[in-house]
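Trainee: If you scroll down you'll find the structure; I have some questions about it.
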Amino acid sequence: MAEAPISVAAEPARMSLAARLGGDRLLRNNAIYLTGSVGVGVVGYAFHFATGRLLGPVTYAVVAAMVSAMSLLSLPSIVLQTTAARYTSLLMARGDSGAIRRLLLQLSLVCLVGVVVLAGVLVILAPAVAAYLRIADTRLVYLLALASALALLVSITRGALQGLSRFVLLSLNTLLDMTTRLVLAVGLIVGGLGAIGAGIGLAAGPMVAYAQSLFLLRGFARSRSQASPPLTDVGRYTLSTIVAAAGITYLLNVDVILSKHFLSGRDSGLYAAGAVLGRVIYFLGMTVAAVMFPEVTLRHARGEAHFQVVEKSLLLLGILSAGFILAYALLPALVIGPFGESFARVAPYLILFAVALSFFAVSVLFVNYFLSINSRRFIGPLVGACVLETVLITAFHAGPSQVIAMVLVSMGALLGTLSLLYLADRFGIMRTAPA
């Protein structure tokens, strides 16, 4: 006879702290996804370092421009992944995993229409795009179109993996994408293809990842299914997600753009360096929010308690943010080190950046909470914060410290408003019914 599992409640003394943490699904998934995200980031930097060293500054600038353009063209992938994640979680909550296949097919067909339009426009405008980016070979624009299209498609299947809380598979899929880009780009560049080789690598990464994600999700093709969610419901939810993605992206970048306009060249460069360092906290917050999202969606759809998931996520993000704020306050020289001595003047502003981006990271977690329960209450505060930050920086920009102070005020206002809305929901004042 097999041994009965050890009860944590009955024998707490025999359980190590690591074992207890490992038994917490939310913390375990956060550790998995955070580790995977760090690994993806390392491989991403390796791609830039390797291509830069092999191609030299002039040709590398072409590759860097392609990567930036691909990131911009792939912005809708945030919307697609969030939508796929929510509705996958809803179908699992309703016990209809077989309908996930139909959902992904519908989203993919809609995405494919947009992909064809996007690729067609890029192909038609290839000479103009190449001229603007100072790219001599228009074939690179064609590769950019292909890479961006594939990045959009794979975001749908990644959303399904997120919705299923398969964070090991999600991390491995993203890592496969980045590793394929790196290995293929380096191999083709060494083989004499230059920037074209790097472009092929950029397109091959999401292509291989998409094929692997379809393989990972193949089991749903054999499941019995009921009706998938109506496209009208999915469309309405997608509009909310578009507003969220646009608002978050705007707030993450508008201060750097405005500082470039209002500040001197040196001061705007210092500000940009501080913003980059502060964003580390934001990206960590995104991993916590990504893990929280499907868990809250699943529990809310079943009418189960879900606020403890949000509050555990808030606690974890608070601990991470506090650690970074402390590091930025006590070890500014170490934090700034990678930028070099010429950026030493950033040091006095680091703690302000850390606090502002911590406020923003928690705000984004609240936005993800409202999206997970299909509530649009975040829209007013998010749009208001976009307007407030723009107006404040336009009016007050007498140096980097004043600009970051305006960002801090705006982020504080956003966090305060979203916190009140969450508390109202938490204590039943504005409770949202399960979707």
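Each chain in the structure tokens gets a letter, A, B, ..., in the order shown, and its residues are numbered from 1; ligands are numbered from 1 in order too.
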Quick one: residues within 12 Å of Ala64 in chain A, only C-alpha atoms counted, chain neighbours fewer than 6 positions away excluded, as a CSV table (one decimal) with C-alpha atoms, in the first residue's frame?
Mentor:
chain,number,residue,atom,x,y,z
A,44,GLY,CA,18.2,38.8,-25.2
A,45,TYR,CA,21.2,40.8,-24.1
A,47,PHE,CA,21.9,38.5,-28.9
A,48,HIS,CA,22.7,42.2,-28.9
A,49,PHE,CA,26.3,41.7,-27.6
A,50,ALA,CA,27.1,38.9,-30.1
A,51,THR,CA,25.6,40.6,-33.1
A,52,GLY,CA,27.2,43.8,-32.2
A,55,LEU,CA,28.8,43.0,-37.2
A,56,GLY,CA,30.5,46.1,-35.9
A,57,PRO,CA,28.7,49.4,-35.0
A,58,VAL,CA,27.5,50.4,-38.4
A,70,MET,CA,9.7,44.6,-34.3
A,71,SER,CA,8.9,45.5,-30.7
A,133,LEU,CA,15.7,53.2,-41.1
A,134,ARG,CA,18.7,53.7,-43.4
A,135,ILE,CA,18.7,50.1,-44.4
A,144,LEU,CA,10.9,42.3,-40.3
A,195,ALA,CA,22.6,41.6,-41.2
A,198,ALA,CA,20.4,38.4,-38.0
A,199,GLY,CA,17.1,39.1,-39.7
A,202,LEU,CA,14.7,37.3,-35.7
Trainee: Excluding Ile319 in chain A and its own-chain neighbours fewer than 5 positions away, which residues fall within 12 Å of it when counting only C-alpha atoms? Please give them as a count of residues only.
Mentor: 12
Trainee: List every residue of range 267-386 of chain A that DSSP, applied to the backbone, labels as alpha helix (DSSP H), and write the result as an MDAnalysis selection string.
Mentor: chainID A and resid 267:301 307:330 332:336 350:372 379:386
Trainee: With distances taken over only C-alpha atoms, which of A:Asp425, A:Ser37, A:Ala160, A:Thr241 is nearest to Met178 in chain A?
Mentor: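 When distances to Met178 in chain A are compared using only C-alpha atoms, the smallest one comes from A:Ser37.
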Trainee: To one decimal in Å, tell me the separation between CA of Leu72 in chain A and CA of Ala203 in chain A.
Mentor: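 Going from CA of Leu72 in chain A over to CA of Ala203 in chain A, I get 15.1 Å.
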Trainee: Under the rule that only C-alpha atoms are counted, which of A:Val208, A:Leu415, A:Ala354, A:Val168 is the nearest residue to Leu153 in chain A?
Mentor: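 Closest to Leu153 in chain A of all the choices is A:Val208.
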Trainee: As an exercise, work out the distance from CA of Leu330 in chain A to CA of Arg345 in chain A in Å and give it to one decimal place.
Mentor: 15.3 Å
Trainee: Tell me which protein, DNA and RNA residues are within 10 Å of Gly380 in chain A, counting only C-alpha atoms, leaving out same-chain ones fewer than 6 positions away, and put them as a ChimeraX atom specification.
Mentor: /A:414,417-418
Trainee: Create the file for the chosen residues now, containing N, CA and C atoms and written as a tab-separated table (two decimals), in the first residue's frame.
Mentor:
chain	number	residue	atom	x	y	z
A	414	LEU	N	-2.32	57.64	-9.37
A	414	LEU	CA	-2.86	56.45	-10.02
A	414	LEU	C	-2.98	55.31	-9.02
A	417	THR	N	-5.79	55.92	-6.41
A	417	THR	CA	-7.14	55.74	-6.96
A	417	THR	C	-7.46	54.27	-7.18
A	418	LEU	N	-6.53	53.54	-7.79
A	418	LEU	CA	-6.76	52.11	-8.04
A	418	LEU	C	-6.87	51.32	-6.74
Trainee: When you look at Leu421 in chain A with a cut-off of 12 Å (counting only C-alpha atoms), what residues show up, excluding the ones that are within fewer than 2 positions of it in the same chain? I need them as an mmCIF file with N, CA and C atoms, in the first residue's frame.
Mentor:
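Output below, filename selection.cif:
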data_model
loop_
_atom_site.group_PDB
_atom_site.id
_atom_site.type_symbol
_atom_site.label_atom_id
_atom_site.label_comp_id
_atom_site.auth_asym_id
_atom_site.auth_seq_id
_atom_site.Cartn_x
_atom_site.Cartn_y
_atom_site.Cartn_z
ATOM 1 N N SER A 363 0.408 49.561 -9.540
ATOM 2 C CA SER A 363 -0.760 50.023 -10.300
ATOM 3 C C SER A 363 -1.073 49.072 -11.446
ATOM 4 N N PHE A 366 -2.829 46.084 -10.220
ATOM 5 C CA PHE A 366 -4.253 46.350 -10.018
ATOM 6 C C PHE A 366 -5.007 46.356 -11.351
ATOM 7 N N VAL A 367 -4.396 46.936 -12.387
ATOM 8 C CA VAL A 367 -5.026 46.924 -13.709
ATOM 9 C C VAL A 367 -5.253 45.482 -14.168
ATOM 10 N N TYR A 369 -5.619 42.944 -12.229
ATOM 11 C CA TYR A 369 -6.701 42.388 -11.407
ATOM 12 C C TYR A 369 -8.054 42.726 -12.026
ATOM 13 N N PHE A 370 -8.266 44.004 -12.363
ATOM 14 C CA PHE A 370 -9.554 44.395 -12.935
ATOM 15 C C PHE A 370 -9.800 43.719 -14.279
ATOM 16 N N SER A 375 -13.558 43.863 -15.379
ATOM 17 C CA SER A 375 -14.060 45.149 -14.900
ATOM 18 C C SER A 375 -13.314 46.267 -15.621
ATOM 19 N N ARG A 376 -14.052 47.310 -16.012
ATOM 20 C CA ARG A 376 -13.447 48.436 -16.722
ATOM 21 C C ARG A 376 -13.173 49.625 -15.803
ATOM 22 N N ARG A 377 -13.267 49.416 -14.494
ATOM 23 C CA ARG A 377 -13.150 50.550 -13.576
ATOM 24 C C ARG A 377 -11.767 51.186 -13.576
ATOM 25 N N PHE A 378 -10.775 50.469 -14.092
ATOM 26 C CA PHE A 378 -9.424 51.025 -14.130
ATOM 27 C C PHE A 378 -9.256 52.079 -15.214
ATOM 28 N N ILE A 379 -10.141 52.123 -16.203
ATOM 29 C CA ILE A 379 -9.933 52.949 -17.390
ATOM 30 C C ILE A 379 -9.849 54.432 -17.037
ATOM 31 N N GLY A 380 -10.795 54.938 -16.236
ATOM 32 C CA GLY A 380 -10.784 56.348 -15.864
ATOM 33 C C GLY A 380 -9.491 56.769 -15.181
ATOM 34 N N PRO A 381 -9.082 56.073 -14.108
ATOM 35 C CA PRO A 381 -7.816 56.433 -13.454
ATOM 36 C C PRO A 381 -6.592 56.332 -14.366
ATOM 37 N N LEU A 414 -2.318 57.643 -9.375
ATOM 38 C CA LEU A 414 -2.863 56.450 -10.020
ATOM 39 C C LEU A 414 -2.981 55.307 -9.021
ATOM 40 N N LEU A 415 -1.912 55.075 -8.252
ATOM 41 C CA LEU A 415 -1.919 53.981 -7.281
ATOM 42 C C LEU A 415 -2.984 54.210 -6.209
ATOM 43 N N GLY A 416 -3.090 55.449 -5.729
ATOM 44 C CA GLY A 416 -4.074 55.742 -4.704
ATOM 45 C C GLY A 416 -5.495 55.489 -5.189
ATOM 46 N N THR A 417 -5.793 55.919 -6.413
ATOM 47 C CA THR A 417 -7.143 55.741 -6.958
ATOM 48 C C THR A 417 -7.462 54.268 -7.184
ATOM 49 N N LEU A 418 -6.532 53.539 -7.786
ATOM 50 C CA LEU A 418 -6.760 52.114 -8.043
ATOM 51 C C LEU A 418 -6.868 51.324 -6.739
ATOM 52 N N SER A 419 -6.095 51.732 -5.728
ATOM 53 C CA SER A 419 -6.169 51.061 -4.424
ATOM 54 C C SER A 419 -7.554 51.225 -3.815
ATOM 55 N N LEU A 423 -10.171 48.286 -2.911
ATOM 56 C CA LEU A 423 -10.733 48.124 -1.572
ATOM 57 C C LEU A 423 -12.256 48.141 -1.604
ATOM 58 N N ALA A 424 -12.824 48.979 -2.501
ATOM 59 C CA ALA A 424 -14.277 49.006 -2.647
ATOM 60 C C ALA A 424 -14.794 47.656 -3.122
ATOM 61 N N ASP A 425 -14.074 47.039 -4.037
ATOM 62 C CA ASP A 425 -14.446 45.707 -4.522
ATOM 63 C C ASP A 425 -14.205 44.663 -3.438
ATOM 64 N N ARG A 426 -13.098 44.825 -2.743
ATOM 65 C CA ARG A 426 -12.704 43.860 -1.704
ATOM 66 C C ARG A 426 -13.751 43.760 -0.606
ATOM 67 N N PHE A 427 -14.333 44.892 -0.228
ATOM 68 C CA PHE A 427 -15.291 44.903 0.878
ATOM 69 C C PHE A 427 -16.740 45.008 0.408
ATOM 70 N N GLY A 428 -16.944 44.676 -0.886
ATOM 71 C CA GLY A 428 -18.306 44.526 -1.384
ATOM 72 C C GLY A 428 -19.040 45.784 -1.720
ATOM 73 N N ILE A 429 -18.339 46.930 -1.762
ATOM 74 C CA ILE A 429 -19.019 48.185 -2.073
ATOM 75 C C ILE A 429 -19.325 48.260 -3.557
ATOM 76 N N MET A 430 -18.392 47.727 -4.383
ATOM 77 C CA MET A 430 -18.572 47.762 -5.845
ATOM 78 C C MET A 430 -18.257 46.386 -6.412
ATOM 79 N N ARG A 431 -18.812 45.359 -5.811
ATOM 80 C CA ARG A 431 -18.462 43.983 -6.161
ATOM 81 C C ARG A 431 -18.846 43.642 -7.595
ATOM 82 N N THR A 432 -17.914 42.986 -8.330
ATOM 83 C CA THR A 432 -18.170 42.543 -9.695
ATOM 84 C C THR A 432 -18.606 41.092 -9.677
#
Trainee: Between A:Leu161, A:Ala344, A:Val256, A:Met292, single out the one closest to Arg25 in chain A, counting only C-alpha atoms.
Mentor: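 Comparing A:Leu161, A:Ala344, A:Val256, A:Met292 against Arg25 in chain A, the winner is A:Met292.
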Trainee: Contacts of Leu298 in chain A at 7 Å or less, counting only C-alpha atoms, minus same-chain residues fewer than 2 places along, as a PDB file with N, CA and C atoms, in the first residue's frame?
Mentor:
ATOM      1  N   SER A  89      -8.608  30.628 -19.157  1.00  0.00           N
ATOM      2  CA  SER A  89      -8.900  30.398 -17.739  1.00  0.00           C
ATOM      3  C   SER A  89     -10.398  30.234 -17.505  1.00  0.00           C
ATOM      4  N   LEU A  90     -11.211  31.038 -18.187  1.00  0.00           N
ATOM      5  CA  LEU A  90     -12.664  30.926 -18.035  1.00  0.00           C
ATOM      6  C   LEU A  90     -13.171  29.558 -18.485  1.00  0.00           C
ATOM      7  N   ALA A  93     -12.333  27.048 -15.956  1.00  0.00           N
ATOM      8  CA  ALA A  93     -13.205  27.178 -14.790  1.00  0.00           C
ATOM      9  C   ALA A  93     -14.562  26.526 -15.036  1.00  0.00           C
ATOM     10  N   PRO A 294      -4.249  34.508 -14.287  1.00  0.00           N
ATOM     11  CA  PRO A 294      -5.099  33.328 -14.535  1.00  0.00           C
ATOM     12  C   PRO A 294      -5.691  32.751 -13.254  1.00  0.00           C
ATOM     13  N   GLU A 295      -4.961  32.879 -12.138  1.00  0.00           N
ATOM     14  CA  GLU A 295      -5.470  32.341 -10.875  1.00  0.00           C
ATOM     15  C   GLU A 295      -6.713  33.105 -10.423  1.00  0.00           C
ATOM     16  N   VAL A 296      -6.669  34.445 -10.528  1.00  0.00           N
ATOM     17  CA  VAL A 296      -7.828  35.247 -10.141  1.00  0.00           C
ATOM     18  C   VAL A 296      -8.989  35.005 -11.107  1.00  0.00           C
ATOM     19  N   HIS A 300     -12.482  33.661  -9.716  1.00  0.00           N
ATOM     20  CA  HIS A 300     -13.602  34.592  -9.839  1.00  0.00           C
ATOM     21  C   HIS A 300     -14.718  33.966 -10.664  1.00  0.00           C
ATOM     22  N   ALA A 301     -14.365  33.271 -11.744  1.00  0.00           N
ATOM     23  CA  ALA A 301     -15.368  32.634 -12.602  1.00  0.00           C
ATOM     24  C   ALA A 301     -16.124  31.543 -11.852  1.00  0.00           C
ATOM     25  N   ARG A 302     -15.461  30.891 -10.910  1.00  0.00           N
ATOM     26  CA  ARG A 302     -16.102  29.829 -10.130  1.00  0.00           C
ATOM     27  C   ARG A 302     -16.835  30.367  -8.905  1.00  0.00           C
TER      28      ARG A 302
END
Trainee: Set the distance at 8 Å and use only C-alpha atoms: which residues neighbour Gly163 in chain A once local chain neighbours fewer than 4 positions away are removed? I'd like the list as a list of chain:residue names.
Mentor: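 Final neighbour list, sorted by chain and number: A:Ala84, A:Ala85, A:Arg86, A:Tyr87, A:Thr88, A:Ser89, A:Gly159, A:Phe293, A:Pro294.
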Trainee: Generate a file of the selected residues that holds N, CA and C atoms, formatted as a CSV table (one decimal), in the first residue's frame.
Mentor:
chain,number,residue,atom,x,y,z
A,84,ALA,N,-6.3,35.9,-24.7
A,84,ALA,CA,-6.2,34.4,-24.8
A,84,ALA,C,-6.1,33.8,-23.4
A,85,ALA,N,-5.3,34.5,-22.5
A,85,ALA,CA,-5.2,34.0,-21.1
A,85,ALA,C,-6.5,34.0,-20.4
A,86,ARG,N,-7.2,35.1,-20.5
A,86,ARG,CA,-8.4,35.2,-19.7
A,86,ARG,C,-9.5,34.2,-20.1
A,87,TYR,N,-9.7,34.1,-21.4
A,87,TYR,CA,-10.7,33.2,-21.9
A,87,TYR,C,-10.3,31.7,-21.8
A,88,THR,N,-9.1,31.4,-21.8
A,88,THR,CA,-8.6,30.1,-21.5
A,88,THR,C,-8.9,29.7,-20.1
A,89,SER,N,-8.6,30.6,-19.2
A,89,SER,CA,-8.9,30.4,-17.7
A,89,SER,C,-10.4,30.2,-17.5
A,159,GLY,N,-0.7,33.0,-24.6
A,159,GLY,CA,-1.7,33.4,-23.7
A,159,GLY,C,-2.5,32.2,-23.2
A,293,PHE,N,-2.8,36.7,-12.7
A,293,PHE,CA,-4.0,36.9,-13.7
A,293,PHE,C,-4.8,35.6,-13.9
A,294,PRO,N,-4.2,34.5,-14.3
A,294,PRO,CA,-5.1,33.3,-14.5
A,294,PRO,C,-5.7,32.8,-13.3
Trainee: In Å, with one decimal, what is the gap from CA of Gly323 in chain A to CA of Leu350 in chain A?
Mentor: 13.4 Å
Trainee: Which one of A:Ala327, A:Leu170, A:Val62, A:Leu176 sits closest to Ala130 in chain A if you count only C-alpha atoms?
Mentor: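 Among the listed residues, the smallest separation from Ala130 in chain A belongs to A:Val62.
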Trainee: So which one's closest to Arg266 in chain A, A:Leu382, A:Leu80, A:Val346, A:Ile100? Using only C-alpha atoms, please.
Mentor: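 Distance minimum relative to Arg266 in chain A lands on A:Val346.
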